[in-house]
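Trainee: Here you go, this is my_file02.txt (compact mmCIF, C-alpha atoms and all ligand atoms).
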# COMPACT_ATOMS: atom_id res chain seq x y z
CA MET H 577 32.61 -48.85 -8.31
CA LYS H 578 32.15 -46.79 -11.48
CA THR H 579 31.61 -43.10 -10.78
CA HIS H 580 29.61 -40.75 -12.93
CA ASP H 581 31.18 -37.31 -12.87
CA ILE H 582 29.53 -34.49 -14.77
CA ASN H 583 32.63 -32.44 -13.98
CA SER H 584 35.12 -32.26 -11.11
CA HIS H 585 32.47 -30.64 -8.85
CA ILE H 586 29.32 -32.54 -9.80
CA ARG H 587 28.62 -36.24 -9.63
CA CYS H 588 25.58 -38.36 -10.42
CA LEU H 589 24.56 -41.00 -7.87
CA HIS H 590 21.92 -43.50 -8.81
CA ALA H 591 20.03 -46.54 -7.67
CA ASP H 592 18.47 -48.88 -10.20
CA ILE H 593 15.21 -50.30 -8.94
CA HIS H 594 14.22 -53.76 -10.18
CA THR H 595 10.96 -54.76 -8.62
CA ASN H 596 7.53 -56.23 -9.14
CA ASP H 597 6.14 -53.17 -7.34
CA LEU H 598 4.22 -50.83 -9.58
CA PHE H 599 5.58 -47.30 -9.99
CA GLU H 600 3.16 -44.89 -8.26
CA GLY H 601 1.24 -48.06 -7.38
CA ILE H 602 -0.10 -48.18 -10.96
CA TRP H 603 2.55 -48.52 -13.67
CA PRO H 604 4.55 -51.72 -14.28
CA ILE H 605 8.32 -51.32 -14.55
CA PRO H 606 9.49 -54.72 -15.81
CA ARG H 607 12.74 -53.16 -17.07
CA GLY H 608 13.22 -51.15 -13.86
CA VAL H 609 13.59 -47.47 -13.14
CA SER H 610 16.49 -45.43 -11.82
CA LEU H 611 16.40 -42.97 -8.97
CA ASN H 612 19.12 -40.39 -9.57
CA ALA H 613 20.53 -37.88 -7.09
CA PHE H 614 23.40 -35.47 -7.60
CA VAL H 615 26.23 -34.13 -5.46
CA ALA H 616 27.54 -30.63 -6.16
CA ARG H 617 30.68 -29.64 -4.27
CA GLY H 618 32.37 -26.30 -3.82
CA ASP H 619 33.49 -25.28 -0.36
CA LYS H 620 30.05 -26.46 0.66
CA THR H 621 28.34 -29.65 -0.45
CA ALA H 622 24.82 -29.94 -1.80
CA LEU H 623 22.84 -33.11 -2.42
CA ILE H 624 20.23 -32.50 -5.10
CA ASP H 625 17.17 -34.76 -4.89
CA PHE H 626 17.02 -37.81 -2.72
CA VAL H 627 15.38 -41.24 -2.77
CA ARG H 628 13.00 -43.38 -0.84
CA ASP H 629 14.26 -46.53 0.73
CA TRP H 630 13.11 -48.74 -2.11
CA GLU H 631 15.08 -51.88 -2.95
CA GLY H 632 18.04 -50.65 -0.88
CA ALA H 633 18.31 -47.28 -2.66
CA VAL H 634 19.54 -45.42 0.44
CA SER H 635 22.43 -47.75 1.14
CA ARG H 636 23.39 -47.69 -2.53
CA LEU H 637 23.52 -43.90 -2.43
CA ASP H 638 25.55 -44.08 0.78
CA ALA H 639 28.11 -46.32 -0.91
CA GLN H 640 28.41 -43.90 -3.83
CA LEU H 641 28.78 -40.92 -1.47
CA GLU H 642 31.53 -42.83 0.31
CA ALA H 643 33.28 -43.45 -3.03
CA ALA H 644 33.24 -39.66 -3.46
CA GLY H 645 34.90 -39.31 -0.03
CA LEU H 646 31.68 -38.09 1.56
CA ARG H 647 29.25 -39.21 4.22
CA CYS H 648 25.65 -38.21 4.68
CA GLN H 649 26.80 -35.96 7.58
CA ASP H 650 29.00 -33.95 5.19
CA VAL H 651 26.03 -32.63 3.21
CA ASP H 652 25.45 -28.91 3.94
CA TYR H 653 22.35 -28.49 1.76
CA LEU H 654 19.73 -31.00 0.72
CA ILE H 655 17.84 -29.60 -2.25
CA LEU H 656 14.38 -31.02 -2.82
CA ASN H 657 13.23 -30.09 -6.30
CA HIS H 658 10.06 -32.10 -5.77
CA LEU H 659 8.44 -33.56 -2.67
CA GLU H 660 7.03 -36.77 -4.16
CA PRO H 661 8.19 -39.66 -1.98
CA ASP H 662 10.25 -41.36 -4.74
CA HIS H 663 12.66 -38.42 -4.20
CA THR H 664 12.10 -37.71 -0.52
CA GLY H 665 10.86 -40.91 1.14
CA ALA H 666 14.01 -41.33 3.23
CA LEU H 667 14.01 -37.69 4.40
CA ALA H 668 13.45 -38.45 8.10
CA GLU H 669 16.31 -40.94 7.99
CA PHE H 670 18.52 -38.32 6.29
CA ARG H 671 17.62 -35.79 9.01
CA ARG H 672 18.35 -38.30 11.78
CA ARG H 673 21.81 -38.89 10.36
CA ASN H 674 22.47 -35.28 9.43
CA PRO H 675 20.83 -32.83 11.87
CA HIS H 676 22.64 -29.74 10.55
CA ALA H 677 22.03 -29.65 6.77
CA GLN H 678 19.70 -26.98 5.46
CA ILE H 679 16.82 -28.48 3.52
CA LEU H 680 15.80 -26.28 0.59
CA ALA H 681 12.62 -26.36 -1.48
CA THR H 682 10.09 -23.89 -2.86
CA ALA H 683 7.77 -22.27 -0.30
CA LYS H 684 5.04 -24.71 -1.36
CA GLY H 685 7.48 -27.59 -0.99
CA ILE H 686 8.51 -26.55 2.51
CA LYS H 687 4.83 -26.41 3.47
CA LEU H 688 4.34 -29.99 2.31
CA ILE H 689 7.19 -31.44 4.37
CA PRO H 690 5.30 -31.75 7.70
CA SER H 691 2.41 -33.49 5.92
CA PHE H 692 4.71 -36.29 4.87
CA TYR H 693 7.56 -36.34 7.39
CA THR H 694 7.94 -35.86 11.10
CA ILE H 695 11.06 -33.74 11.22
CA ASP H 696 12.01 -30.59 13.10
CA ASP H 697 11.36 -27.48 11.03
CA ASP H 698 14.71 -26.01 12.04
CA GLY H 699 16.86 -25.91 8.96
CA LEU H 700 14.01 -25.94 6.44
CA ARG H 701 14.39 -23.03 4.05
CA ALA H 702 12.15 -21.84 1.24
CA VAL H 703 13.94 -20.56 -1.84
CA ARG H 704 12.52 -18.02 -4.27
CA ASP H 705 12.23 -18.31 -8.03
CA GLY H 706 15.59 -17.25 -9.50
CA GLU H 707 17.43 -17.34 -6.15
CA ALA H 708 21.08 -18.48 -6.21
CA LEU H 709 23.08 -20.56 -3.75
CA ASP H 710 26.84 -20.12 -3.97
CA LEU H 711 28.68 -23.26 -2.86
CA GLY H 712 32.11 -21.66 -3.42
CA GLN H 713 34.85 -22.57 -5.92
CA GLY H 714 32.68 -21.26 -8.76
CA VAL H 715 29.80 -23.68 -8.12
CA VAL H 716 26.56 -21.69 -8.10
CA LEU H 717 23.12 -23.28 -7.99
CA ARG H 718 20.09 -21.33 -9.14
CA PHE H 719 16.50 -22.38 -8.51
CA PHE H 720 13.60 -21.94 -10.90
CA GLU H 721 10.03 -22.74 -10.02
CA THR H 722 8.42 -25.09 -12.57
CA PRO H 723 4.97 -25.65 -11.07
CA ASN H 724 3.15 -28.86 -11.93
CA LEU H 725 6.21 -30.68 -13.16
CA HIS H 726 5.03 -32.83 -11.59
CA TRP H 727 3.38 -31.46 -8.43
CA PRO H 728 2.50 -27.82 -7.72
CA GLU H 729 5.60 -27.29 -5.55
CA THR H 730 8.13 -28.44 -8.14
CA MET H 731 11.28 -26.52 -9.06
CA VAL H 732 14.45 -27.28 -11.01
CA THR H 733 18.03 -26.44 -10.06
CA PHE H 734 20.57 -25.07 -12.53
CA GLU H 735 24.34 -25.12 -12.01
CA GLU H 736 25.76 -22.21 -13.90
CA ALA H 737 29.40 -23.13 -14.57
CA SER H 738 28.63 -26.53 -16.08
CA GLY H 739 25.22 -25.53 -17.49
CA THR H 740 23.65 -28.55 -15.76
CA LEU H 741 19.89 -28.61 -15.28
CA PHE H 742 18.78 -30.86 -12.41
CA SER H 743 15.22 -31.35 -13.60
CA CYS H 744 13.90 -34.09 -11.28
CA ASP H 745 10.85 -35.74 -12.95
CA ALA H 746 10.98 -33.55 -16.07
CA PHE H 747 12.97 -35.09 -18.96
CA GLY H 748 12.90 -38.42 -17.14
CA SER H 749 12.20 -41.96 -18.28
CA PHE H 750 11.47 -45.45 -17.00
CA GLY H 751 14.18 -48.09 -17.48
CA ALA H 752 17.10 -49.06 -15.26
CA LEU H 753 20.47 -47.66 -16.31
CA GLY H 754 22.96 -50.31 -15.17
CA ASP H 755 26.50 -49.03 -14.72
CA ARG H 756 26.20 -46.17 -17.22
CA VAL H 757 24.22 -42.95 -16.86
CA PHE H 758 25.30 -40.61 -19.71
CA ASP H 759 23.64 -40.41 -23.13
CA ASP H 760 26.94 -40.88 -24.97
CA GLU H 761 27.50 -44.21 -23.19
CA PHE H 762 24.47 -45.95 -24.72
CA SER H 763 24.18 -47.55 -28.18
CA GLY H 764 21.52 -46.68 -30.74
CA ALA H 765 19.56 -49.83 -29.80
CA GLU H 766 19.70 -48.89 -26.12
CA HIS H 767 18.51 -45.37 -26.93
CA ALA H 768 15.60 -46.88 -28.88
CA PHE H 769 14.65 -48.91 -25.80
CA PHE H 770 14.87 -45.84 -23.53
CA GLU H 771 12.86 -43.77 -26.00
CA GLY H 772 10.00 -46.27 -25.63
CA GLU H 773 10.30 -46.13 -21.86
CA CYS H 774 10.47 -42.33 -22.00
CA LEU H 775 7.23 -42.13 -23.98
CA ARG H 776 5.54 -44.52 -21.56
CA TYR H 777 6.80 -42.49 -18.58
CA TYR H 778 5.59 -39.28 -20.23
CA ALA H 779 2.16 -40.70 -21.11
CA ASN H 780 1.71 -42.28 -17.66
CA ILE H 781 3.09 -39.54 -15.45
CA VAL H 782 3.55 -36.25 -17.28
CA SER H 783 0.90 -36.08 -20.01
CA SER H 784 -1.67 -34.34 -17.80
CA PHE H 785 0.83 -31.49 -17.40
CA SER H 786 1.86 -30.93 -21.02
CA LEU H 787 0.96 -27.25 -20.88
CA PHE H 788 3.32 -26.84 -17.93
CA VAL H 789 6.08 -28.73 -19.77
CA GLU H 790 5.84 -26.20 -22.58
CA LYS H 791 5.79 -23.27 -20.16
CA ALA H 792 8.82 -24.61 -18.28
CA ILE H 793 10.86 -25.13 -21.45
CA VAL H 794 10.16 -21.57 -22.60
CA LYS H 795 10.86 -20.18 -19.14
CA LEU H 796 14.16 -22.04 -18.71
CA GLN H 797 15.42 -21.19 -22.17
CA GLY H 798 14.88 -17.53 -21.34
CA ALA H 799 16.12 -17.67 -17.76
CA VAL H 800 19.38 -19.58 -17.83
CA PRO H 801 22.42 -17.53 -18.74
CA ALA H 802 24.34 -18.12 -22.00
CA PRO H 803 25.54 -20.59 -23.22
CA GLY H 804 22.39 -22.22 -21.85
CA ILE H 805 21.60 -25.78 -20.81
CA ARG H 806 24.56 -28.04 -21.55
CA CYS H 807 23.56 -31.06 -19.52
CA VAL H 808 20.08 -32.30 -18.55
CA ALA H 809 20.23 -34.33 -15.36
CA PRO H 810 16.81 -35.77 -14.46
CA SER H 811 16.16 -37.92 -11.41
CA HIS H 812 14.88 -40.85 -13.48
CA GLY H 813 16.80 -42.17 -16.46
CA ILE H 814 19.62 -41.01 -18.72
CA VAL H 815 21.74 -37.93 -17.96
CA TRP H 816 22.13 -36.00 -21.20
CA ARG H 817 25.57 -34.38 -21.33
CA LYS H 818 26.34 -34.82 -25.04
CA ARG H 819 22.98 -33.98 -26.61
CA PRO H 820 20.88 -32.20 -23.98
CA GLU H 821 18.81 -30.69 -26.79
CA ALA H 822 17.67 -34.21 -27.81
CA ILE H 823 15.70 -34.81 -24.62
CA ILE H 824 14.40 -31.22 -24.45
CA GLU H 825 13.16 -31.48 -28.05
CA ARG H 826 11.63 -34.89 -27.34
CA TYR H 827 9.69 -33.54 -24.36
CA ALA H 828 8.59 -30.49 -26.39
CA ARG H 829 7.34 -32.87 -29.11
CA TYR H 830 5.46 -35.02 -26.59
CA ALA H 831 3.92 -31.95 -24.96
CA ALA H 832 2.74 -30.69 -28.36
CA TYR H 833 0.86 -33.99 -28.96
CA ALA H 834 -1.77 -32.73 -26.52
CA ARG H 835 -2.69 -30.12 -29.16
CA SER H 836 -1.71 -31.77 -32.46
CA GLY H 837 -3.06 -35.22 -31.51
CA GLY H 838 0.28 -36.90 -32.20
CA GLU H 839 1.93 -38.78 -35.04
CA PRO H 840 0.22 -40.02 -38.24
CA GLU H 841 -0.30 -43.59 -37.05
CA VAL H 842 -3.14 -45.60 -35.57
CA CYS H 843 -3.51 -47.07 -32.11
CA VAL H 844 -6.18 -49.77 -32.07
CA VAL H 845 -7.70 -50.61 -28.70
CA TRP H 846 -10.09 -53.53 -28.78
CA GLY H 847 -12.01 -55.98 -26.63
CA SER H 848 -14.32 -58.76 -27.71
CA MET H 849 -16.07 -61.57 -25.88
CA TYR H 850 -17.04 -63.93 -28.72
CA GLY H 851 -15.22 -62.56 -31.76
CA ASN H 852 -18.00 -60.57 -33.47
CA THR H 853 -16.36 -57.20 -32.81
CA LYS H 854 -12.97 -58.67 -33.65
CA ALA H 855 -14.20 -59.87 -37.06
CA GLY H 856 -15.37 -56.32 -37.82
CA LEU H 857 -12.10 -54.91 -36.58
CA ASP H 858 -10.18 -57.14 -38.98
CA ALA H 859 -11.94 -55.35 -41.83
CA VAL H 860 -10.98 -51.94 -40.38
CA ILE H 861 -7.37 -53.06 -40.12
CA LYS H 862 -7.42 -54.18 -43.74
CA GLY H 863 -8.44 -50.64 -44.67
CA ILE H 864 -5.73 -49.05 -42.52
CA ALA H 865 -3.10 -51.36 -44.00
CA ALA H 866 -4.26 -50.53 -47.53
CA ALA H 867 -3.63 -46.86 -46.77
CA GLY H 868 -0.06 -47.74 -45.75
CA VAL H 869 -0.31 -46.13 -42.32
CA PRO H 870 1.42 -47.80 -39.33
CA TYR H 871 -0.85 -49.24 -36.67
CA ARG H 872 -0.53 -51.22 -33.45
CA LEU H 873 -3.10 -53.43 -31.74
CA HIS H 874 -3.85 -53.52 -28.02
CA ARG H 875 -6.38 -55.88 -26.52
CA VAL H 876 -8.17 -55.02 -23.31
CA PRO H 877 -8.04 -56.25 -20.63
CA ASP H 878 -5.08 -58.44 -21.63
CA GLU H 879 -2.55 -55.64 -22.09
CA ASP H 880 -1.59 -53.31 -19.28
CA LEU H 881 -3.04 -49.83 -19.70
CA SER H 882 0.38 -48.28 -19.10
CA TYR H 883 1.47 -49.44 -22.58
CA ILE H 884 -1.87 -48.63 -24.22
CA LEU H 885 -1.69 -45.08 -22.88
CA ALA H 886 1.80 -44.63 -24.34
CA ASP H 887 0.72 -45.71 -27.80
CA GLY H 888 -2.61 -43.87 -27.56
CA TYR H 889 -0.80 -40.70 -26.57
CA ARG H 890 1.58 -40.90 -29.54
CA ALA H 891 -0.86 -41.93 -32.32
CA ARG H 892 -3.14 -39.29 -33.80
CA GLY H 893 -5.56 -41.98 -35.04
CA LEU H 894 -7.52 -44.17 -32.64
CA VAL H 895 -9.79 -47.13 -33.32
CA MET H 896 -11.85 -48.10 -30.30
CA ALA H 897 -13.55 -51.45 -30.87
CA MET H 898 -15.78 -53.04 -28.26
CA PRO H 899 -19.20 -54.72 -27.94
CA THR H 900 -22.11 -53.71 -25.80
CA TYR H 901 -22.06 -55.31 -22.37
CA GLU H 902 -25.00 -54.87 -19.99
CA TYR H 903 -26.33 -51.81 -21.87
CA ALA H 904 -22.94 -50.07 -21.81
CA MET H 905 -19.36 -50.46 -23.05
CA PHE H 906 -17.40 -53.66 -22.56
CA PRO H 907 -16.08 -52.82 -19.06
CA PRO H 908 -12.31 -52.98 -19.72
CA MET H 909 -12.77 -50.40 -22.46
CA ALA H 910 -14.57 -48.13 -20.03
CA TRP H 911 -11.55 -48.35 -17.72
CA ALA H 912 -9.21 -47.62 -20.62
CA LEU H 913 -11.22 -44.57 -21.66
CA ASP H 914 -11.45 -43.33 -18.11
CA LEU H 915 -7.66 -43.34 -17.98
CA PHE H 916 -7.45 -41.68 -21.41
CA LYS H 917 -9.60 -38.91 -19.99
CA ARG H 918 -7.64 -38.55 -16.76
CA LYS H 919 -4.38 -38.43 -18.72
CA HIS H 920 -5.63 -35.86 -21.23
CA ILE H 921 -5.30 -37.97 -24.38
CA THR H 922 -6.69 -35.13 -26.49
CA GLY H 923 -7.00 -34.01 -30.11
CA LYS H 924 -7.39 -37.44 -31.74
CA LYS H 925 -9.14 -38.63 -34.89
CA ALA H 926 -11.20 -41.58 -33.70
CA LEU H 927 -13.35 -44.36 -35.07
CA ARG H 928 -15.53 -46.44 -32.77
CA ILE H 929 -16.97 -49.77 -33.86
CA GLY H 930 -18.63 -52.74 -32.18
CA SER H 931 -21.22 -55.45 -32.13
CA TRP H 932 -24.34 -55.63 -29.96
CA GLY H 933 -27.05 -58.19 -29.37
CA TRP H 934 -30.51 -56.79 -28.80
CA VAL H 935 -30.53 -53.06 -28.04
CA GLY H 936 -26.94 -51.77 -27.78
CA GLY H 937 -25.78 -49.10 -25.35
CA ALA H 938 -22.01 -49.05 -25.86
CA GLN H 939 -22.11 -46.07 -28.21
CA ARG H 940 -23.99 -43.82 -25.80
CA ASP H 941 -21.65 -44.79 -22.99
CA TYR H 942 -18.62 -44.21 -25.26
CA GLU H 943 -19.79 -40.74 -26.28
CA ALA H 944 -20.19 -39.76 -22.64
CA ALA H 945 -16.71 -41.15 -21.86
CA ILE H 946 -14.93 -39.12 -24.54
CA ALA H 947 -16.82 -35.86 -23.98
CA GLY H 948 -14.36 -33.02 -23.51
CA LEU H 949 -11.39 -34.80 -25.14
CA ARG H 950 -11.69 -32.84 -28.41
CA TRP H 951 -11.68 -35.98 -30.54
CA GLU H 952 -12.80 -35.69 -34.14
CA SER H 953 -15.03 -38.76 -34.43
CA ALA H 954 -15.80 -40.54 -37.68
CA PRO H 955 -19.37 -41.91 -37.79
CA ALA H 956 -19.47 -44.97 -35.53
CA ILE H 957 -20.22 -48.34 -37.07
CA GLU H 958 -22.28 -50.77 -35.01
CA TRP H 959 -24.02 -53.96 -36.02
CA ALA H 960 -26.12 -56.72 -34.46
CA GLY H 961 -24.29 -60.00 -33.92
CA GLN H 962 -22.16 -60.93 -36.93
CA ALA H 963 -21.22 -58.22 -39.42
CA ASP H 964 -22.69 -58.88 -42.89
CA SER H 965 -20.74 -58.22 -46.07
CA ALA H 966 -22.06 -54.66 -46.51
CA THR H 967 -21.00 -53.83 -42.94
CA LEU H 968 -17.58 -55.38 -43.48
CA ALA H 969 -17.13 -53.27 -46.60
CA ALA H 970 -18.15 -50.14 -44.67
CA LEU H 971 -15.72 -51.03 -41.88
CA GLU H 972 -12.86 -51.48 -44.32
CA ALA H 973 -13.66 -48.15 -45.99
CA ALA H 974 -13.85 -46.42 -42.60
CA GLY H 975 -10.43 -47.80 -41.61
CA LYS H 976 -8.95 -46.57 -44.87
CA ALA H 977 -10.55 -43.13 -44.54
CA LEU H 978 -9.32 -42.73 -40.97
CA ALA H 979 -5.77 -43.64 -41.96
CA GLN H 980 -5.78 -41.42 -45.04
CA GLY H 981 -7.09 -38.52 -42.94
CA LEU H 982 -3.99 -38.74 -40.76
CA ARG H 983 -1.77 -38.07 -43.72
CA VAL H 984 -3.32 -34.64 -44.05
CA GLY H 985 -1.34 -32.97 -41.26
CA THR H 986 -3.14 -31.25 -38.43
CA GLY H 987 -0.02 -29.74 -36.93
CA PRO H 988 -0.06 -27.86 -33.65
C1 LIG W 1001 -22.46 -60.51 -20.40
C2 LIG W 1001 -23.07 -59.96 -21.65
C3 LIG W 1001 -23.82 -58.79 -21.59
C4 LIG W 1001 -24.40 -58.26 -22.74
N1 LIG W 1001 -25.13 -57.13 -22.65
C5 LIG W 1001 -25.75 -56.64 -23.76
C6 LIG W 1001 -26.59 -55.48 -23.72
O1 LIG W 1001 -26.81 -54.91 -22.65
N2 LIG W 1001 -27.16 -55.01 -24.86
C7 LIG W 1001 -26.95 -55.62 -26.05
O2 LIG W 1001 -27.47 -55.16 -27.08
N3 LIG W 1001 -26.18 -56.73 -26.14
C8 LIG W 1001 -25.58 -57.25 -25.03
N4 LIG W 1001 -24.82 -58.38 -25.12
C9 LIG W 1001 -24.67 -59.03 -26.41
C10 LIG W 1001 -23.33 -58.70 -27.07
O3 LIG W 1001 -23.16 -57.31 -27.23
C11 LIG W 1001 -23.28 -59.40 -28.43
O4 LIG W 1001 -23.30 -60.82 -28.20
C12 LIG W 1001 -22.07 -59.03 -29.26
O5 LIG W 1001 -22.16 -59.68 -30.54
C13 LIG W 1001 -20.76 -59.48 -28.59
O6 LIG W 1001 -19.69 -59.06 -29.38
P1 LIG W 1001 -18.28 -59.83 -29.27
O7 LIG W 1001 -18.43 -61.14 -29.99
O8 LIG W 1001 -17.34 -58.89 -29.95
O9 LIG W 1001 -18.00 -60.04 -27.81
C14 LIG W 1001 -24.23 -58.92 -23.98
C15 LIG W 1001 -23.49 -60.08 -24.02
C16 LIG W 1001 -22.91 -60.60 -22.87
C17 LIG W 1001 -22.10 -61.88 -22.98
FE FE W 1002 6.85 -36.89 -9.34
FE FE W 1003 9.83 -38.99 -9.65
Show me this structure written as structure tokens.
Ligand SMILES: Cc1cc2nc3c(=O)[nH]c(=O)nc-3n(C[C@H](O)[C@H](O)[C@H](O)COP(=O)(O)O)c2cc1C
Ligand SMILES: [Fe+2]
Ligand SMILES: [Fe+2]

Mentor:
Amino acid sequence: MKTHDINSHIRCLHADIHTNDLFEGIWPIPRGVSLNAFVARGDKTALIDFVRDWEGAVSRLDAQLEAAGLRCQDVDYLILNHLEPDHTGALAEFRRRNPHAQILATAKGIKLIPSFYTIDDDGLRAVRDGEALDLGQGVVLRFFETPNLHWPETMVTFEEASGTLFSCDAFGSFGALGDRVFDDEFSGAEHAFFEGECLRYYANIVSSFSLFVEKAIVKLQGAVPAPGIRCVAPSHGIVWRKRPEAIIERYARYAAYARSGGEPEVCVVWGSMYGNTKAGLDAVIKGIAAAGVPYRLHRVPDEDLSYILADGYRARGLVMAMPTYEYAMFPPMAWALDLFKRKHITGKKALRIGSWGWVGGAQRDYEAAIAGLRWESAPAIEWAGQADSATLAALEAAGKALAQGLRVGTGP
């Protein structure tokens, strides 16, 4: 079995999950996800983050512990950076097999444990922001609270000698890793794949907390001793030992999209029953293409919202195209916009278009749905039934104007 040593004291364990289950019960993971945990060994042994028993993850961790000459019973400290069940689901089983380990989390984390798990509270210990745990042999773990990354109780753990940041959900990604975990072990094409999965993970799971991502990055850069973070070890996805700054910069860029609106490209979300809205949209797309701005099309309800959210989060320009349906928006678009709102897809330049039959209603419903998202809306274009040539010309001009407007930067 291949082992993944960060140094002679710290090892990454991981379980790739390949499943038809949805992550968090919502998000598809057709290319899998990894659950990473880490062992830090001095005179004492700490296990940092854990797993739930999903697709045999616990027995796979056991096998990797065994390869390191360890058993579950040998763990002196179990460090729970975050209480979400993907990292703690098998906690009661851990406690049954190891009654003596201290279980460490923030005070808020310790309070959550009895809500999720029936275990004795002996051996549960709250750690303070900045507190250190010396494992001996120069291995010192320090804990920093990073609230709302992803739950209110979240912290990260920093190992000082190696400069390793165990960041749990932060800096994570979807995508199974296979038999490699480190950034320098993947090709450019593989990194491109993981970058897509990282954006989707961010947009699906982290985007609501962008402000806290920015706060955590600033806090950690000030708090960790020189020479700073030399390895970023999240509990989902690649471990960044060669270019830790690459993933930190990527997350900082994603977090800033909440203010800047994102990249100068267009995400087109559309739905149409009989093709009238689609015919108008084709004219908009002609205008966007003429401006030479990249765009991607997503049809609702055909495409999973997980992917639409990722693209909608990244693109500063949005075209939302849908007809009126029962005096309101075409329903799948209402679901998409509801998710855009919940996930704080803010600061966009948007154009809404669509066909109606006798009285409309989609536009009013749309305006209510996007209230509070700080979108700069171009005048909407609606028409009855088929678009006539004047409407098609207006649609094409509106597509071009939207795209050209993205070129004029609206940086953070
Ligand atoms: C189930 C259904 C409900 C509709 N409800 C409304 C409505 O409440 N108000 C309206 O003006 N048109 C309504 N229409 C008409 C459509 O908005 C119109 O046919 C439009 O051209 C459809 O655009 P599409 O071809 O892009 O699907 C409805 C059509 C259908 C099939
Ligand atoms: Fe989480
Ligand atoms: Fe997680």

Trainee: Mind listing the residues within 7 Å of ligand FE 1003 (chain W), only C-alpha atoms and all ligand atoms counted, as a list in words?

Mentor: Glu660, Asp662, His663, Cys744, Asp745, Ser811 and His812 of chain H

Trainee: So which residues are near ligand LIG 1001 (chain W), meaning at most 10 Å away with only C-alpha atoms and all ligand atoms counted, given back as a PyMOL selection string?

Mentor: chain H and resi 846-857+897-906+929-938+958-963

Trainee: Take the selection from the previous step and output its residues with C-alpha atoms, as a PDB file, in the frame of the given file.

Mentor:
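Dumped to part25.pdb:
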ATOM      1  CA  TRP H 846     -10.090 -53.530 -28.780  1.00  0.00           C
ATOM      2  CA  GLY H 847     -12.010 -55.980 -26.630  1.00  0.00           C
ATOM      3  CA  SER H 848     -14.320 -58.760 -27.710  1.00  0.00           C
ATOM      4  CA  MET H 849     -16.070 -61.570 -25.880  1.00  0.00           C
ATOM      5  CA  TYR H 850     -17.040 -63.930 -28.720  1.00  0.00           C
ATOM      6  CA  GLY H 851     -15.220 -62.560 -31.760  1.00  0.00           C
ATOM      7  CA  ASN H 852     -18.000 -60.570 -33.470  1.00  0.00           C
ATOM      8  CA  THR H 853     -16.360 -57.200 -32.810  1.00  0.00           C
ATOM      9  CA  LYS H 854     -12.970 -58.670 -33.650  1.00  0.00           C
ATOM     10  CA  ALA H 855     -14.200 -59.870 -37.060  1.00  0.00           C
ATOM     11  CA  GLY H 856     -15.370 -56.320 -37.820  1.00  0.00           C
ATOM     12  CA  LEU H 857     -12.100 -54.910 -36.580  1.00  0.00           C
ATOM     13  CA  ALA H 897     -13.550 -51.450 -30.870  1.00  0.00           C
ATOM     14  CA  MET H 898     -15.780 -53.040 -28.260  1.00  0.00           C
ATOM     15  CA  PRO H 899     -19.200 -54.720 -27.940  1.00  0.00           C
ATOM     16  CA  THR H 900     -22.110 -53.710 -25.800  1.00  0.00           C
ATOM     17  CA  TYR H 901     -22.060 -55.310 -22.370  1.00  0.00           C
ATOM     18  CA  GLU H 902     -25.000 -54.870 -19.990  1.00  0.00           C
ATOM     19  CA  TYR H 903     -26.330 -51.810 -21.870  1.00  0.00           C
ATOM     20  CA  ALA H 904     -22.940 -50.070 -21.810  1.00  0.00           C
ATOM     21  CA  MET H 905     -19.360 -50.460 -23.050  1.00  0.00           C
ATOM     22  CA  PHE H 906     -17.400 -53.660 -22.560  1.00  0.00           C
ATOM     23  CA  ILE H 929     -16.970 -49.770 -33.860  1.00  0.00           C
ATOM     24  CA  GLY H 930     -18.630 -52.740 -32.180  1.00  0.00           C
ATOM     25  CA  SER H 931     -21.220 -55.450 -32.130  1.00  0.00           C
ATOM     26  CA  TRP H 932     -24.340 -55.630 -29.960  1.00  0.00           C
ATOM     27  CA  GLY H 933     -27.050 -58.190 -29.370  1.00  0.00           C
ATOM     28  CA  TRP H 934     -30.510 -56.790 -28.800  1.00  0.00           C
ATOM     29  CA  VAL H 935     -30.530 -53.060 -28.040  1.00  0.00           C
ATOM     30  CA  GLY H 936     -26.940 -51.770 -27.780  1.00  0.00           C
ATOM     31  CA  GLY H 937     -25.780 -49.100 -25.350  1.00  0.00           C
ATOM     32  CA  ALA H 938     -22.010 -49.050 -25.860  1.00  0.00           C
ATOM     33  CA  GLU H 958     -22.280 -50.770 -35.010  1.00  0.00           C
ATOM     34  CA  TRP H 959     -24.020 -53.960 -36.020  1.00  0.00           C
ATOM     35  CA  ALA H 960     -26.120 -56.720 -34.460  1.00  0.00           C
ATOM     36  CA  GLY H 961     -24.290 -60.000 -33.920  1.00  0.00           C
ATOM     37  CA  GLN H 962     -22.160 -60.930 -36.930  1.00  0.00           C
ATOM     38  CA  ALA H 963     -21.220 -58.220 -39.420  1.00  0.00           C
TER      39      ALA H 963
END

Trainee: At what distance in Å, to one decimal, does CA of Arg835 in chain H lie from CA of Lys924 in chain H?

Mentor: 9.1 Å

Trainee: Restricting the calculation to all atoms listed in the file: of H:Tyr833, H:Tyr883, H:Tyr778, H:Phe916, which residue gets closest to ligand FE 1002 (chain W)?

Mentor: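 Smallest separation from ligand FE 1002 (chain W) among the options: H:Tyr778.
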
Trainee: Of the candidates H:Ala977, H:Val844, H:Ile593, H:Ala737, which one gets nearest to Val800 in chain H if we count only C-alpha atoms?

Mentor: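 Between H:Ala977, H:Val844, H:Ile593, H:Ala737, the residue approaching Val800 in chain H most closely is H:Ala737.
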
Trainee: Pick the closest to ligand FE 1002 (chain W) from H:Arg756, H:His658, H:Arg776, H:His676: which is it, counting all atoms listed in the file?

Mentor: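 Once distances to ligand FE 1002 (chain W) are computed over all atoms listed in the file, the minimum belongs to H:His658.
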